>>> print(open('model_5.tsv').read())   # TSV, C-alpha atoms and all ligand atoms
chain	number	residue	atom	x	y	z
A	27	MET	CA	-198.89	-22.14	65.65
A	28	GLU	CA	-202.49	-22.10	66.76
A	29	SER	CA	-202.85	-20.14	69.97
A	30	ALA	CA	-205.15	-22.64	71.70
A	31	ARG	CA	-202.53	-25.35	71.20
A	32	ARG	CA	-199.78	-23.07	72.51
A	33	GLU	CA	-201.88	-22.37	75.61
A	34	GLU	CA	-202.45	-26.08	76.07
A	35	ILE	CA	-198.75	-26.90	75.88
A	36	LEU	CA	-197.85	-24.09	78.30
A	37	LYS	CA	-200.50	-25.31	80.72
A	38	LYS	CA	-199.11	-28.86	80.57
A	39	LEU	CA	-195.62	-27.57	81.32
A	40	SER	CA	-196.97	-25.58	84.25
A	41	ASP	CA	-198.95	-28.61	85.50
A	42	ALA	CA	-195.85	-30.79	85.25
A	43	VAL	CA	-194.04	-28.43	87.66
A	44	VAL	CA	-197.01	-28.14	90.02
A	45	GLU	CA	-197.51	-31.92	90.02
A	46	TYR	CA	-193.72	-32.44	90.27
A	47	ASP	CA	-193.90	-34.88	87.40
A	48	GLU	CA	-190.51	-35.08	85.69
A	49	ASP	CA	-191.69	-37.43	82.94
A	50	MET	CA	-194.49	-35.04	82.10
A	51	ALA	CA	-192.07	-32.09	82.05
A	52	LYS	CA	-189.80	-34.01	79.70
A	53	GLN	CA	-192.62	-35.07	77.41
A	54	TRP	CA	-194.21	-31.61	77.13
A	55	ALA	CA	-190.91	-29.80	76.71
A	56	GLN	CA	-190.25	-32.06	73.75
A	57	THR	CA	-193.77	-31.49	72.42
A	58	ALA	CA	-193.23	-27.73	72.70
A	59	LEU	CA	-190.10	-28.01	70.58
A	60	ASP	CA	-191.69	-30.41	68.05
A	61	GLU	CA	-194.67	-28.13	67.56
A	62	GLY	CA	-192.69	-24.91	67.33
A	63	VAL	CA	-193.44	-23.19	70.65
A	64	ASP	CA	-190.67	-20.67	71.30
A	65	ALA	CA	-188.28	-22.16	73.91
A	66	PHE	CA	-188.18	-19.01	76.05
A	67	ASP	CA	-191.97	-18.76	75.96
A	68	ALA	CA	-192.16	-22.37	77.14
A	69	ILE	CA	-189.71	-21.73	79.99
A	70	MET	CA	-191.26	-18.48	81.24
A	71	ASN	CA	-194.97	-18.95	80.56
A	72	GLY	CA	-194.97	-22.71	81.08
A	73	LEU	CA	-192.40	-23.94	83.61
A	74	ALA	CA	-191.78	-20.71	85.58
A	75	ALA	CA	-195.51	-19.94	85.63
A	76	GLY	CA	-195.97	-23.33	87.29
A	77	MET	CA	-193.43	-22.36	89.95
A	78	GLU	CA	-195.53	-19.30	90.74
A	79	ILE	CA	-198.53	-21.53	91.45
A	80	VAL	CA	-196.26	-23.68	93.62
A	81	GLY	CA	-195.35	-20.54	95.60
A	82	ASP	CA	-199.05	-19.93	96.30
A	83	LEU	CA	-199.53	-23.54	97.40
A	84	TYR	CA	-196.59	-23.10	99.77
A	85	ASP	CA	-198.14	-19.92	101.17
A	86	LYS	CA	-201.40	-21.80	101.76
A	87	GLN	CA	-199.43	-24.57	103.45
A	88	GLU	CA	-200.63	-27.14	100.97
A	89	TYR	CA	-197.05	-27.68	99.83
A	90	PHE	CA	-193.96	-27.84	102.04
A	91	VAL	CA	-190.22	-27.82	101.35
A	92	PRO	CA	-190.06	-31.42	100.04
A	93	GLU	CA	-192.72	-30.64	97.42
A	94	LEU	CA	-190.92	-27.43	96.44
A	95	LEU	CA	-187.73	-29.39	95.85
A	96	MET	CA	-189.50	-31.93	93.64
A	97	CYS	CA	-191.22	-29.12	91.71
A	98	ALA	CA	-187.82	-27.50	91.15
A	99	ASP	CA	-186.47	-30.82	89.84
A	100	ALA	CA	-189.32	-31.09	87.34
A	101	LEU	CA	-188.73	-27.49	86.24
A	102	TYR	CA	-185.05	-28.21	85.64
A	103	VAL	CA	-185.83	-31.33	83.59
A	104	GLY	CA	-187.97	-29.23	81.25
A	105	MET	CA	-185.53	-26.34	81.20
A	106	ASN	CA	-182.59	-28.55	80.26
A	107	ILE	CA	-184.49	-29.80	77.22
A	108	LEU	CA	-185.59	-26.33	76.11
A	109	ARG	CA	-182.41	-24.39	76.84
A	110	PRO	CA	-180.31	-25.55	73.85
A	111	HIS	CA	-183.07	-24.37	71.51
A	112	MET	CA	-183.07	-20.74	72.45
A	113	ARG	CA	-181.91	-18.40	69.73
A	114	LYS	CA	-178.44	-17.19	70.56
A	115	ASP	CA	-176.99	-13.78	69.84
A	116	THR	CA	-173.49	-14.48	68.57
A	117	GLN	CA	-172.28	-10.91	68.92
A	118	LYS	CA	-170.06	-10.80	72.01
A	119	LYS	CA	-171.39	-8.23	74.48
A	120	GLY	CA	-169.20	-8.70	77.55
A	121	GLN	CA	-168.78	-10.78	80.67
A	122	VAL	CA	-170.96	-11.22	83.70
A	123	VAL	CA	-170.40	-12.81	87.09
A	124	ILE	CA	-173.63	-14.22	88.52
A	125	GLY	CA	-174.71	-16.00	91.68
A	126	THR	CA	-177.23	-16.28	94.50
A	127	VAL	CA	-175.91	-14.63	97.66
A	128	GLN	CA	-174.68	-16.30	100.82
A	129	GLY	CA	-177.32	-18.04	102.92
A	130	ASP	CA	-179.70	-18.40	100.02
A	131	VAL	CA	-180.13	-21.60	98.02
A	132	HIS	CA	-182.90	-20.42	95.68
A	133	ASP	CA	-181.40	-20.67	92.22
A	134	ILE	CA	-184.22	-21.06	89.69
A	135	GLY	CA	-184.56	-17.34	89.01
A	136	LYS	CA	-180.79	-16.92	88.92
A	137	ASN	CA	-180.49	-19.74	86.40
A	138	ILE	CA	-183.12	-18.18	84.15
A	139	ILE	CA	-181.26	-14.85	84.25
A	140	LYS	CA	-178.03	-16.72	83.51
A	141	LEU	CA	-179.71	-18.25	80.49
A	142	MET	CA	-180.80	-14.81	79.28
A	143	PHE	CA	-177.26	-13.45	79.53
A	144	ASP	CA	-175.91	-16.54	77.82
A	145	VAL	CA	-178.26	-16.39	74.83
A	146	GLY	CA	-177.91	-12.60	74.84
A	147	GLY	CA	-174.24	-12.92	73.87
A	148	PHE	CA	-172.54	-12.57	77.27
A	149	THR	CA	-169.86	-14.85	78.69
A	150	VAL	CA	-171.29	-15.97	82.03
A	151	HIS	CA	-169.26	-16.92	85.09
A	152	ASP	CA	-171.74	-18.69	87.34
A	153	LEU	CA	-170.77	-18.97	91.01
A	154	GLY	CA	-173.88	-21.01	91.83
A	155	ARG	CA	-175.91	-20.49	94.98
A	156	ASP	CA	-175.14	-19.73	98.62
A	157	VAL	CA	-172.10	-17.83	97.39
A	158	PRO	CA	-169.78	-16.33	100.05
A	159	LEU	CA	-169.92	-12.58	99.52
A	160	GLU	CA	-166.17	-12.23	99.03
A	161	ASN	CA	-166.31	-14.66	96.07
A	162	PHE	CA	-168.25	-12.15	93.95
A	163	VAL	CA	-165.43	-9.68	94.45
A	164	GLN	CA	-162.70	-12.22	93.67
A	165	GLU	CA	-164.42	-13.60	90.59
A	166	GLN	CA	-164.99	-10.11	89.19
A	167	LEU	CA	-161.30	-9.31	89.63
A	168	ARG	CA	-160.20	-12.66	88.18
A	169	THR	CA	-162.34	-12.38	85.04
A	170	ASP	CA	-162.38	-8.58	84.70
A	171	SER	CA	-166.15	-8.80	84.05
A	172	GLU	CA	-168.04	-5.58	83.43
A	173	ILE	CA	-171.16	-6.86	85.20
A	174	VAL	CA	-171.86	-8.55	88.52
A	175	ALA	CA	-175.44	-9.86	88.82
A	176	MET	CA	-176.75	-11.04	92.18
A	177	SER	CA	-179.91	-12.84	93.12
A	178	ALA	CA	-181.55	-13.08	96.56
A	179	MET	CA	-184.92	-14.57	97.37
A	180	MET	CA	-185.12	-13.81	101.06
A	181	THR	CA	-185.36	-10.49	102.87
A	182	THR	CA	-182.58	-11.67	105.19
A	183	THR	CA	-180.07	-12.73	102.53
A	184	MET	CA	-180.84	-9.66	100.43
A	185	MET	CA	-178.75	-7.58	102.86
A	186	GLY	CA	-175.60	-9.39	101.71
A	187	MET	CA	-175.90	-7.67	98.35
A	188	LYS	CA	-175.27	-4.27	99.88
A	189	LYS	CA	-172.02	-5.56	101.33
A	190	VAL	CA	-170.87	-6.92	97.98
A	191	ILE	CA	-171.68	-3.64	96.25
A	192	GLU	CA	-169.56	-1.74	98.79
A	193	LEU	CA	-166.66	-4.17	98.43
A	194	ILE	CA	-166.69	-4.10	94.64
A	195	LYS	CA	-167.21	-0.37	94.25
A	196	ALA	CA	-164.32	0.30	96.64
A	197	LYS	CA	-162.01	-1.69	94.36
A	198	ASN	CA	-163.47	-0.80	90.99
A	199	PRO	CA	-166.29	1.75	90.57
A	200	ASN	CA	-166.60	0.90	86.86
A	201	VAL	CA	-168.16	-2.50	87.50
A	202	ALA	CA	-171.90	-2.45	86.83
A	203	ILE	CA	-173.88	-4.22	89.52
A	204	MET	CA	-177.32	-5.61	88.89
A	205	LEU	CA	-179.75	-7.00	91.45
A	206	GLY	CA	-182.84	-9.16	91.28
A	207	GLY	CA	-184.99	-11.69	93.09
A	208	ALA	CA	-188.46	-11.61	94.61
A	209	PRO	CA	-187.83	-9.31	97.62
A	210	VAL	CA	-185.67	-6.88	95.63
A	211	THR	CA	-187.36	-3.77	94.26
A	212	LYS	CA	-186.07	-0.81	92.27
A	213	ASP	CA	-185.98	1.18	95.52
A	214	VAL	CA	-183.93	-1.48	97.29
A	215	ALA	CA	-181.51	-1.62	94.37
A	216	ASP	CA	-181.10	2.17	94.45
A	217	LEU	CA	-180.73	2.20	98.21
A	218	PHE	CA	-178.00	-0.46	98.08
A	219	GLY	CA	-176.13	1.53	95.43
A	220	ALA	CA	-176.68	-0.92	92.56
A	221	ASP	CA	-176.51	0.23	88.94
A	222	GLY	CA	-179.36	-1.87	87.63
A	223	TYR	CA	-182.38	-3.92	88.54
A	224	ALA	CA	-184.82	-6.10	86.65
A	225	GLU	CA	-188.02	-7.54	87.95
A	226	SER	CA	-187.98	-10.51	85.63
A	227	ALA	CA	-186.01	-12.29	82.94
A	228	GLY	CA	-187.85	-10.54	80.13
A	229	ASN	CA	-185.98	-7.25	80.40
A	230	ALA	CA	-182.87	-8.26	82.35
A	231	VAL	CA	-180.42	-8.22	79.46
A	232	GLN	CA	-181.75	-4.99	77.96
A	233	GLU	CA	-181.47	-3.39	81.38
A	234	ALA	CA	-177.91	-4.71	81.73
A	235	ILE	CA	-176.89	-3.18	78.43
A	236	LYS	CA	-178.45	0.17	79.39
A	237	MET	CA	-176.66	-0.01	82.73
A	238	ILE	CA	-173.26	-0.48	81.09
A	239	SER	CA	-173.75	2.45	78.73
A	240	ARG	CA	-174.95	4.68	81.59
A	241	LEU	CA	-171.76	3.87	83.52
A	242	ARG	CA	-169.59	4.53	80.47
A	243	GLU	CA	-171.29	7.92	79.99
A	244	MET	CA	-170.67	8.80	83.62
A	245	HIS	CA	-166.99	7.99	83.50
A	246	ARG	CA	-166.35	9.82	80.27
B	1	LIG	C1	-188.88	-23.03	95.07
B	1	LIG	C2	-188.69	-22.38	96.42
B	1	LIG	C3	-187.79	-22.96	97.31
B	1	LIG	C4	-186.89	-24.15	96.91
B	1	LIG	C5	-185.74	-23.62	96.02
B	1	LIG	C6	-185.27	-24.62	94.99
B	1	LIG	C7	-184.26	-24.00	94.05
B	1	LIG	N1	-183.43	-24.83	93.52
B	1	LIG	O1	-184.24	-22.81	93.79
B	1	LIG	C8	-186.40	-24.67	98.31
B	1	LIG	C9	-187.28	-25.83	98.74
B	1	LIG	C10	-184.95	-25.10	98.40
B	1	LIG	C11	-186.72	-23.47	99.21
B	1	LIG	C12	-186.19	-23.35	100.48
B	1	LIG	C13	-186.52	-22.33	101.36
B	1	LIG	N2	-187.39	-21.33	101.15
B	1	LIG	CO1	-188.18	-20.99	99.45
B	1	LIG	N3	-189.32	-20.61	97.94
B	1	LIG	C14	-189.43	-21.19	96.78
B	1	LIG	C15	-190.57	-20.50	95.97
B	1	LIG	C16	-191.84	-21.34	96.13
B	1	LIG	C17	-190.36	-20.27	94.49
B	1	LIG	C18	-189.09	-19.52	94.08
B	1	LIG	C19	-188.88	-19.67	92.59
B	1	LIG	O2	-188.09	-20.50	92.15
B	1	LIG	N4	-189.64	-18.92	91.77
B	1	LIG	C20	-189.62	-19.03	90.30
B	1	LIG	C21	-188.54	-18.11	89.68
B	1	LIG	C22	-188.59	-18.21	88.17
B	1	LIG	O3	-188.83	-16.79	90.06
B	1	LIG	P1	-187.80	-15.86	90.85
B	1	LIG	O4	-186.88	-16.70	91.64
B	1	LIG	O5	-188.54	-14.78	91.53
B	1	LIG	O6	-186.89	-15.21	89.70
B	1	LIG	C23	-187.36	-14.24	88.79
B	1	LIG	C24	-187.19	-12.79	89.28
B	1	LIG	O7	-187.18	-12.67	90.69
B	1	LIG	C25	-185.93	-12.31	88.63
B	1	LIG	N5	-184.64	-12.56	89.27
B	1	LIG	C26	-184.25	-13.49	90.16
B	1	LIG	N6	-182.95	-13.39	90.43
B	1	LIG	C27	-182.46	-12.37	89.70
B	1	LIG	C28	-181.19	-11.83	89.60
B	1	LIG	C29	-180.95	-10.74	88.74
B	1	LIG	C30	-179.59	-10.17	88.62
B	1	LIG	C31	-182.04	-10.19	88.00
B	1	LIG	C32	-181.81	-9.04	87.11
B	1	LIG	C33	-183.34	-10.74	88.10
B	1	LIG	C34	-183.53	-11.82	88.95
B	1	LIG	O8	-185.95	-12.97	87.38
B	1	LIG	C35	-186.42	-14.31	87.57
B	1	LIG	C36	-187.06	-14.81	86.31
B	1	LIG	O9	-188.11	-13.97	85.86
B	1	LIG	C37	-190.66	-19.12	96.72
B	1	LIG	C38	-192.03	-18.43	96.66
B	1	LIG	C39	-192.05	-17.23	95.74
B	1	LIG	N7	-193.24	-16.76	95.51
B	1	LIG	O10	-191.05	-16.72	95.28
B	1	LIG	C40	-190.25	-19.50	98.15
B	1	LIG	C41	-189.61	-18.45	99.06
B	1	LIG	C42	-188.60	-17.60	98.30
B	1	LIG	N8	-188.88	-19.31	100.11
B	1	LIG	C43	-189.00	-18.85	101.25
B	1	LIG	C44	-188.46	-19.50	102.41
B	1	LIG	C45	-188.79	-18.86	103.73
B	1	LIG	C46	-187.67	-20.67	102.31
B	1	LIG	C47	-187.03	-21.48	103.46
B	1	LIG	C48	-186.47	-20.67	104.63
B	1	LIG	C49	-188.07	-22.49	103.93
B	1	LIG	C50	-187.70	-23.36	105.09
B	1	LIG	N9	-188.48	-23.23	106.14
B	1	LIG	O11	-186.74	-24.11	105.04
B	1	LIG	C51	-185.91	-22.23	102.72
B	1	LIG	C52	-184.63	-21.38	102.68
B	1	LIG	C53	-183.44	-22.11	102.18
B	1	LIG	C54	-182.29	-21.15	101.97
B	1	LIG	N10	-181.41	-21.03	102.94
B	1	LIG	O12	-182.20	-20.50	100.94
B	1	LIG	C55	-189.75	-17.52	101.33
B	1	LIG	C56	-188.84	-16.29	101.52
B	1	LIG	C57	-189.48	-15.28	102.44
B	1	LIG	C58	-188.69	-14.01	102.54
B	1	LIG	N11	-189.21	-12.98	101.93
B	1	LIG	O13	-187.66	-13.95	103.12
B	1	LIG	C59	-190.57	-17.57	99.98
B	1	LIG	C60	-190.89	-16.19	99.39
B	1	LIG	C61	-191.87	-18.34	100.30
B	1	LIG	C62	-192.81	-17.61	101.27
B	1	LIG	N12	-193.84	-16.98	100.75
B	1	LIG	O14	-192.60	-17.63	102.44
B	1	LIG	N13	-187.57	-22.58	98.60
>>> encode(input="model_5.tsv", output="structure tokens")
Amino acid sequence: MESARREEILKKLSDAVVEYDEDMAKQWAQTALDEGVDAFDAIMNGLAAGMEIVGDLYDKQEYFVPELLMCADALYVGMNILRPHMRKDTQKKGQVVIGTVQGDVHDIGKNIIKLMFDVGGFTVHDLGRDVPLENFVQEQLRTDSEIVAMSAMMTTTMMGMKKVIELIKAKNPNVAIMLGGAPVTKDVADLFGADGYAESAGNAVQEAIKMISRLREMHR
């Protein structure tokens, strides 16, 4: 595909999120598919890029919570159209429990990471958002998942992750725990005792696979 056209389609997807225009998101997600733009490219560099601009508008107090919610709706409309068209790895890699921690309702990033695990060949147990900390522990035990992935978007809610890590590691040190979300850095993840961290969706699954093999090495 011609790169100028790709850029144009990505820009329209981004604009649709910024302008919280669901019809536009729907139309341009379909155009992306019809014209052969890679679905993940369209999600990350179109829709999610738009959400970044929305974040700046919020910082500048041009947008407030109601706008953010409508932008998120537009993003989800586009994402739901694109999602089924992502190439899926059929080789089964393992199971992951995922959720956004207690007190935190931001779930866009979490849902993109979920999508990456899903197309990456993992069975995903999604607890949703604002998840009571104890539920991560219970769901891991119930499903015997090798990975628990947590998202937090606020410096306050981020602290809950440390608690979950302690609870899980006390019961089962073999579980690999991965953290992410805007306020979370590699240093925070290390400090909290997590096994893995990824800044964005691009390398999350690769990092998860590395994390599992590191843990297996350690316990051998
Ligand atoms: C959209 C949004 C909302 C929406 C959320 C809608 C939804 N369904 O998610 C709504 C309107 C609900 C909202 C509410 C609030 N929000 Co808000 N919100 C945002 C905003 C603008 C964008 C977040 C987003 O979706 N980004 C796009 C996605 C794709 O990026 P991402 O989430 O970072 O995810 C990527 C990576 O972080 C990573 N990742 C994420 N999770 C995980 C997990 C794992 C395991 C891994 C490996 C990777 C990973 O991969 C993702 C994909 O690449 C941010 C601003 C910002 N710059 O982040 C503020 C922001 C997060 N919100 C903020 C605040 C303060 C609030 C409110 C308190 C506002 C209020 N006064 O009511 C409430 C809190 C509600 C609550 N209790 O949770 C602050 C947090 C400040 C802080 N550091 O603590 C921010 C940073 C804005 C700001 N600059 O002040 N918000």
>>> closest_residue(input="model_5.tsv", among="A:Asp156, A:Asp130, A:Asp213, A:Asp144", to="ligand LIG 1 (chain B)", atoms="only C-alpha atoms and all ligand atoms")
A:Asp130
>>> closest_residue(input="model_5.tsv", among="A:Lys118, A:His111, A:Arg242, A:Lys86", to="Ala55 of chain A", atoms="all atoms listed in the file")
A:His111
>>> closest_residue(input="model_5.tsv", among="A:Ile69, A:Leu59, A:Val80, A:Ile124", to="Gly154 of chain A", atoms="all atoms listed in the file")
A:Ile124
>>> residues_near_ligand(input="model_5.tsv", ligand="ligand LIG 1 (chain B)", cutoff="6 Å", atoms="only C-alpha atoms and all ligand atoms", output="PDB file with C-alpha atoms, keeping the file's coordinate frame")
ATOM      1  CA  ALA A  74    -191.780 -20.710  85.580  1.00  0.00           C
ATOM      2  CA  MET A  77    -193.430 -22.360  89.950  1.00  0.00           C
ATOM      3  CA  GLU A  78    -195.530 -19.300  90.740  1.00  0.00           C
ATOM      4  CA  VAL A  80    -196.260 -23.680  93.620  1.00  0.00           C
ATOM      5  CA  GLY A  81    -195.350 -20.540  95.600  1.00  0.00           C
ATOM      6  CA  ASP A  85    -198.140 -19.920 101.170  1.00  0.00           C
ATOM      7  CA  VAL A  91    -190.220 -27.820 101.350  1.00  0.00           C
ATOM      8  CA  LEU A  94    -190.920 -27.430  96.440  1.00  0.00           C
ATOM      9  CA  LEU A  95    -187.730 -29.390  95.850  1.00  0.00           C
ATOM     10  CA  ALA A  98    -187.820 -27.500  91.150  1.00  0.00           C
ATOM     11  CA  GLY A 129    -177.320 -18.040 102.920  1.00  0.00           C
ATOM     12  CA  ASP A 130    -179.700 -18.400 100.020  1.00  0.00           C
ATOM     13  CA  VAL A 131    -180.130 -21.600  98.020  1.00  0.00           C
ATOM     14  CA  HIS A 132    -182.900 -20.420  95.680  1.00  0.00           C
ATOM     15  CA  ASP A 133    -181.400 -20.670  92.220  1.00  0.00           C
ATOM     16  CA  ILE A 134    -184.220 -21.060  89.690  1.00  0.00           C
ATOM     17  CA  GLY A 135    -184.560 -17.340  89.010  1.00  0.00           C
ATOM     18  CA  LYS A 136    -180.790 -16.920  88.920  1.00  0.00           C
ATOM     19  CA  ILE A 138    -183.120 -18.180  84.150  1.00  0.00           C
ATOM     20  CA  ILE A 139    -181.260 -14.850  84.250  1.00  0.00           C
ATOM     21  CA  ALA A 175    -175.440  -9.860  88.820  1.00  0.00           C
ATOM     22  CA  MET A 176    -176.750 -11.040  92.180  1.00  0.00           C
ATOM     23  CA  SER A 177    -179.910 -12.840  93.120  1.00  0.00           C
ATOM     24  CA  MET A 179    -184.920 -14.570  97.370  1.00  0.00           C
ATOM     25  CA  MET A 180    -185.120 -13.810 101.060  1.00  0.00           C
ATOM     26  CA  THR A 181    -185.360 -10.490 102.870  1.00  0.00           C
ATOM     27  CA  THR A 182    -182.580 -11.670 105.190  1.00  0.00           C
ATOM     28  CA  MET A 204    -177.320  -5.610  88.890  1.00  0.00           C
ATOM     29  CA  LEU A 205    -179.750  -7.000  91.450  1.00  0.00           C
ATOM     30  CA  GLY A 206    -182.840  -9.160  91.280  1.00  0.00           C
ATOM     31  CA  GLY A 207    -184.990 -11.690  93.090  1.00  0.00           C
ATOM     32  CA  ALA A 208    -188.460 -11.610  94.610  1.00  0.00           C
ATOM     33  CA  PRO A 209    -187.830  -9.310  97.620  1.00  0.00           C
ATOM     34  CA  TYR A 223    -182.380  -3.920  88.540  1.00  0.00           C
ATOM     35  CA  ALA A 224    -184.820  -6.100  86.650  1.00  0.00           C
ATOM     36  CA  GLU A 225    -188.020  -7.540  87.950  1.00  0.00           C
ATOM     37  CA  SER A 226    -187.980 -10.510  85.630  1.00  0.00           C
ATOM     38  CA  ALA A 227    -186.010 -12.290  82.940  1.00  0.00           C
ATOM     39  CA  ALA A 230    -182.870  -8.260  82.350  1.00  0.00           C
TER      40      ALA A 230
END
>>> residues_near_point(input="model_5.tsv", point="(-191.8, -34.5, 81.8)", cutoff="12 Å", atoms="only C-alpha atoms", output="VMD selection string")
chain A and resid 35 38 to 58 73 97 99 to 108
>>> closest_residue(input="model_5.tsv", among="A:Leu167, A:Phe143, A:Gly228, A:Met244", to="Met70 of chain A", atoms="all atoms listed in the file")
A:Gly228
>>> residues_around(input="model_5.tsv", residues="Lys197 of chain A", least_positions_apart="5", cutoff="12 Å", atoms="all atoms listed in the file", output="number ranges by chain")
A: 163-164, 166-167, 170, 190-192
